[in-house]
Amino acid sequence: GDQQEKEMEKYNPWNYVTNGVYAVSPEGTPVNYADADESCTAVVLITNNQRIMIAKNDATDGTNTSLYWGKNLYGKDVAGITDTKDVSAAKSDFNGKGNTAAIIAAYTEHAVEMDSRDMCKALQDLNAAEDADWYIPSFKQLCEIRDNKTAINEALTAIGGTSYTSDTYWSSSESSTNKGWSVQFNSSSVGASEKSGSRRVRFVRDIE
């Protein structure tokens, strides 16, 4: 019952680790990534702002790892996401989960189809296959991942995943009706890219 859930909550080992990068054991507990192996299921980034689990590999539609933000959402506003062309305002957006839900809802709202290469199509397919709750990180979440890229990539390699490349990755934050925010992983630059353009995506999920 509730009491038991409260007890479980109290002993959540993720509540007791310091900021940094960890691997996730098969039991779901933190492992120092120096001690990690391929039995580990994901990588975790903990900062002052967030605790997120990072997928082992870039998203794919089965063929491509270069996906559209939303091909048929070009020129259409996604309700429920703060549109901003201002980088510092975009950097206050930690709500990747809410953004992702808003993007998915926008297809119905605007009565447009998901393209087979849209990032949300790949996401829905993965979540259905794994019965999981992955989402697309917000702009600020993605910036923090990039800031910790070296350790994250070491951890991904240790668990048999693939590193973040030096390419540009989509966030779930919207810049305008035509553009989504993206983060360049080989430099400190960021930008807004056309929703119908293709970029890499790596899904994340919350640690409850």
# chains A, B, ... in the order shown; residues from 1 in each chain; ligands from 1
>>> select_by_dssp(residues="segment 33-143 of chain A", states="strand (DSSP E or B)", output="list in words")
Ala42, Val43, Val44, Leu45, Ile46, Arg51, Ile52, Met53, Ile54, Leu67, Tyr68, Asp118 and Tyr135 of chain A
>>> residues_around(residues="Thr162 of chain A", least_positions_apart="2", cutoff="12 Å", atoms="only C-alpha atoms", output="list in words")
Glu38, Ala42, Val43, Ile54, Ala55, Lys56, Asn57, Asp58, Ala59, Ile152, Asn153, Glu154, Ala155, Leu156, Thr157, Ala158, Ile159, Gly160, Tyr164, Thr165 and Arg202 of chain A
>>> write_last_selection(atoms="N, CA, C and O atoms", output="PDB file, in the first residue's frame")
ATOM      1  N   GLU A  38      28.501  -4.255 -19.902  1.00  0.00           N
ATOM      2  CA  GLU A  38      27.406  -4.267 -20.868  1.00  0.00           C
ATOM      3  C   GLU A  38      26.089  -4.806 -20.320  1.00  0.00           C
ATOM      4  O   GLU A  38      25.088  -4.803 -21.018  1.00  0.00           O
ATOM      5  N   ALA A  42      21.458   1.687 -19.117  1.00  0.00           N
ATOM      6  CA  ALA A  42      21.385   3.083 -19.547  1.00  0.00           C
ATOM      7  C   ALA A  42      22.434   3.873 -18.786  1.00  0.00           C
ATOM      8  O   ALA A  42      23.155   3.323 -17.944  1.00  0.00           O
ATOM      9  N   VAL A  43      22.499   5.155 -19.089  1.00  0.00           N
ATOM     10  CA  VAL A  43      23.404   6.073 -18.406  1.00  0.00           C
ATOM     11  C   VAL A  43      22.545   7.155 -17.762  1.00  0.00           C
ATOM     12  O   VAL A  43      21.501   7.525 -18.299  1.00  0.00           O
ATOM     13  N   ILE A  54      19.620   8.343 -19.919  1.00  0.00           N
ATOM     14  CA  ILE A  54      19.920   8.594 -21.332  1.00  0.00           C
ATOM     15  C   ILE A  54      19.972   7.261 -22.069  1.00  0.00           C
ATOM     16  O   ILE A  54      20.616   6.312 -21.607  1.00  0.00           O
ATOM     17  N   ALA A  55      19.297   7.191 -23.204  1.00  0.00           N
ATOM     18  CA  ALA A  55      19.251   5.948 -23.983  1.00  0.00           C
ATOM     19  C   ALA A  55      20.647   5.542 -24.466  1.00  0.00           C
ATOM     20  O   ALA A  55      21.512   6.383 -24.670  1.00  0.00           O
ATOM     21  N   LYS A  56      20.825   4.237 -24.681  1.00  0.00           N
ATOM     22  CA  LYS A  56      22.141   3.716 -25.085  1.00  0.00           C
ATOM     23  C   LYS A  56      22.545   4.145 -26.489  1.00  0.00           C
ATOM     24  O   LYS A  56      23.726   4.219 -26.805  1.00  0.00           O
ATOM     25  N   ASN A  57      21.551   4.412 -27.332  1.00  0.00           N
ATOM     26  CA  ASN A  57      21.839   4.723 -28.730  1.00  0.00           C
ATOM     27  C   ASN A  57      20.993   5.884 -29.228  1.00  0.00           C
ATOM     28  O   ASN A  57      19.954   6.202 -28.653  1.00  0.00           O
ATOM     29  N   ASP A  58      21.448   6.492 -30.309  1.00  0.00           N
ATOM     30  CA  ASP A  58      20.645   7.526 -30.959  1.00  0.00           C
ATOM     31  C   ASP A  58      19.354   6.907 -31.491  1.00  0.00           C
ATOM     32  O   ASP A  58      19.306   5.722 -31.825  1.00  0.00           O
ATOM     33  N   ALA A  59      18.339   7.736 -31.599  1.00  0.00           N
ATOM     34  CA  ALA A  59      17.046   7.284 -32.116  1.00  0.00           C
ATOM     35  C   ALA A  59      17.168   6.932 -33.594  1.00  0.00           C
ATOM     36  O   ALA A  59      18.013   7.476 -34.306  1.00  0.00           O
ATOM     37  N   ILE A 152      29.655  11.243 -20.209  1.00  0.00           N
ATOM     38  CA  ILE A 152      28.505  10.473 -20.701  1.00  0.00           C
ATOM     39  C   ILE A 152      28.964   9.501 -21.789  1.00  0.00           C
ATOM     40  O   ILE A 152      28.586   8.322 -21.785  1.00  0.00           O
ATOM     41  N   ASN A 153      29.803   9.962 -22.698  1.00  0.00           N
ATOM     42  CA  ASN A 153      30.279   9.084 -23.768  1.00  0.00           C
ATOM     43  C   ASN A 153      31.149   7.945 -23.225  1.00  0.00           C
ATOM     44  O   ASN A 153      31.070   6.814 -23.711  1.00  0.00           O
ATOM     45  N   GLU A 154      31.947   8.226 -22.207  1.00  0.00           N
ATOM     46  CA  GLU A 154      32.745   7.152 -21.582  1.00  0.00           C
ATOM     47  C   GLU A 154      31.818   6.108 -20.968  1.00  0.00           C
ATOM     48  O   GLU A 154      32.047   4.903 -21.096  1.00  0.00           O
ATOM     49  N   ALA A 155      30.769   6.585 -20.313  1.00  0.00           N
ATOM     50  CA  ALA A 155      29.817   5.665 -19.687  1.00  0.00           C
ATOM     51  C   ALA A 155      29.052   4.872 -20.745  1.00  0.00           C
ATOM     52  O   ALA A 155      28.846   3.661 -20.604  1.00  0.00           O
ATOM     53  N   LEU A 156      28.652   5.534 -21.826  1.00  0.00           N
ATOM     54  CA  LEU A 156      27.934   4.840 -22.909  1.00  0.00           C
ATOM     55  C   LEU A 156      28.806   3.750 -23.514  1.00  0.00           C
ATOM     56  O   LEU A 156      28.343   2.642 -23.783  1.00  0.00           O
ATOM     57  N   THR A 157      30.082   4.054 -23.710  1.00  0.00           N
ATOM     58  CA  THR A 157      31.005   3.056 -24.261  1.00  0.00           C
ATOM     59  C   THR A 157      31.141   1.870 -23.305  1.00  0.00           C
ATOM     60  O   THR A 157      31.116   0.709 -23.732  1.00  0.00           O
ATOM     61  N   ALA A 158      31.219   2.172 -22.002  1.00  0.00           N
ATOM     62  CA  ALA A 158      31.394   1.118 -20.992  1.00  0.00           C
ATOM     63  C   ALA A 158      30.212   0.152 -20.968  1.00  0.00           C
ATOM     64  O   ALA A 158      30.376  -1.035 -20.688  1.00  0.00           O
ATOM     65  N   ILE A 159      29.006   0.656 -21.281  1.00  0.00           N
ATOM     66  CA  ILE A 159      27.824  -0.225 -21.221  1.00  0.00           C
ATOM     67  C   ILE A 159      27.466  -0.793 -22.598  1.00  0.00           C
ATOM     68  O   ILE A 159      26.419  -1.406 -22.768  1.00  0.00           O
ATOM     69  N   GLY A 160      28.340  -0.578 -23.584  1.00  0.00           N
ATOM     70  CA  GLY A 160      28.093  -1.137 -24.906  1.00  0.00           C
ATOM     71  C   GLY A 160      27.128  -0.315 -25.743  1.00  0.00           C
ATOM     72  O   GLY A 160      26.572  -0.801 -26.729  1.00  0.00           O
ATOM     73  N   TYR A 164      27.510   9.902 -28.098  1.00  0.00           N
ATOM     74  CA  TYR A 164      26.989  11.048 -28.843  1.00  0.00           C
ATOM     75  C   TYR A 164      28.030  11.395 -29.902  1.00  0.00           C
ATOM     76  O   TYR A 164      29.220  11.435 -29.624  1.00  0.00           O
ATOM     77  N   THR A 165      27.585  11.648 -31.124  1.00  0.00           N
ATOM     78  CA  THR A 165      28.511  12.023 -32.188  1.00  0.00           C
ATOM     79  C   THR A 165      28.801  13.520 -32.079  1.00  0.00           C
ATOM     80  O   THR A 165      28.288  14.202 -31.185  1.00  0.00           O
ATOM     81  N   ARG A 202      18.478  11.839 -29.328  1.00  0.00           N
ATOM     82  CA  ARG A 202      18.729  10.788 -28.324  1.00  0.00           C
ATOM     83  C   ARG A 202      17.667  10.960 -27.252  1.00  0.00           C
ATOM     84  O   ARG A 202      17.516  12.034 -26.682  1.00  0.00           O
TER      85      ARG A 202
END
>>> residues_around(residues="segment 121-127 of chain A", least_positions_apart="3", cutoff="10 Å", atoms="only C-alpha atoms", output="VMD selection string")
chain A and resid 59 to 62 65 67 to 68 70 100 104 114 to 118 130 to 136 201 to 203
>>> closest_residue(among="A:Pro26, A:Gly80, A:Gly75, A:Pro13", to="Ser176 of chain A", atoms="only C-alpha atoms")
A:Gly75
>>> atom_distance(atom1="atom CA of Lys179 of chain A", atom2="atom CA of Val44 of chain A")
28.6 Å
>>> select_by_dssp(residues="segment 47-201 of chain A", states="alpha helix (DSSP H)", output="count of residues only")
49
>>> atom_distance(atom1="atom CA of Thr108 of chain A", atom2="atom CA of Ser193 of chain A")
22.8 Å
>>> closest_residue(among="A:Ala128, A:Val190, A:Ala106, A:Ser175", to="Arg146 of chain A", atoms="only C-alpha atoms")
A:Val190
>>> closest_residue(among="A:Ala36, A:Ala89, A:Ser173, A:Lys76", to="Ala101 of chain A", atoms="only C-alpha atoms")
A:Ser173
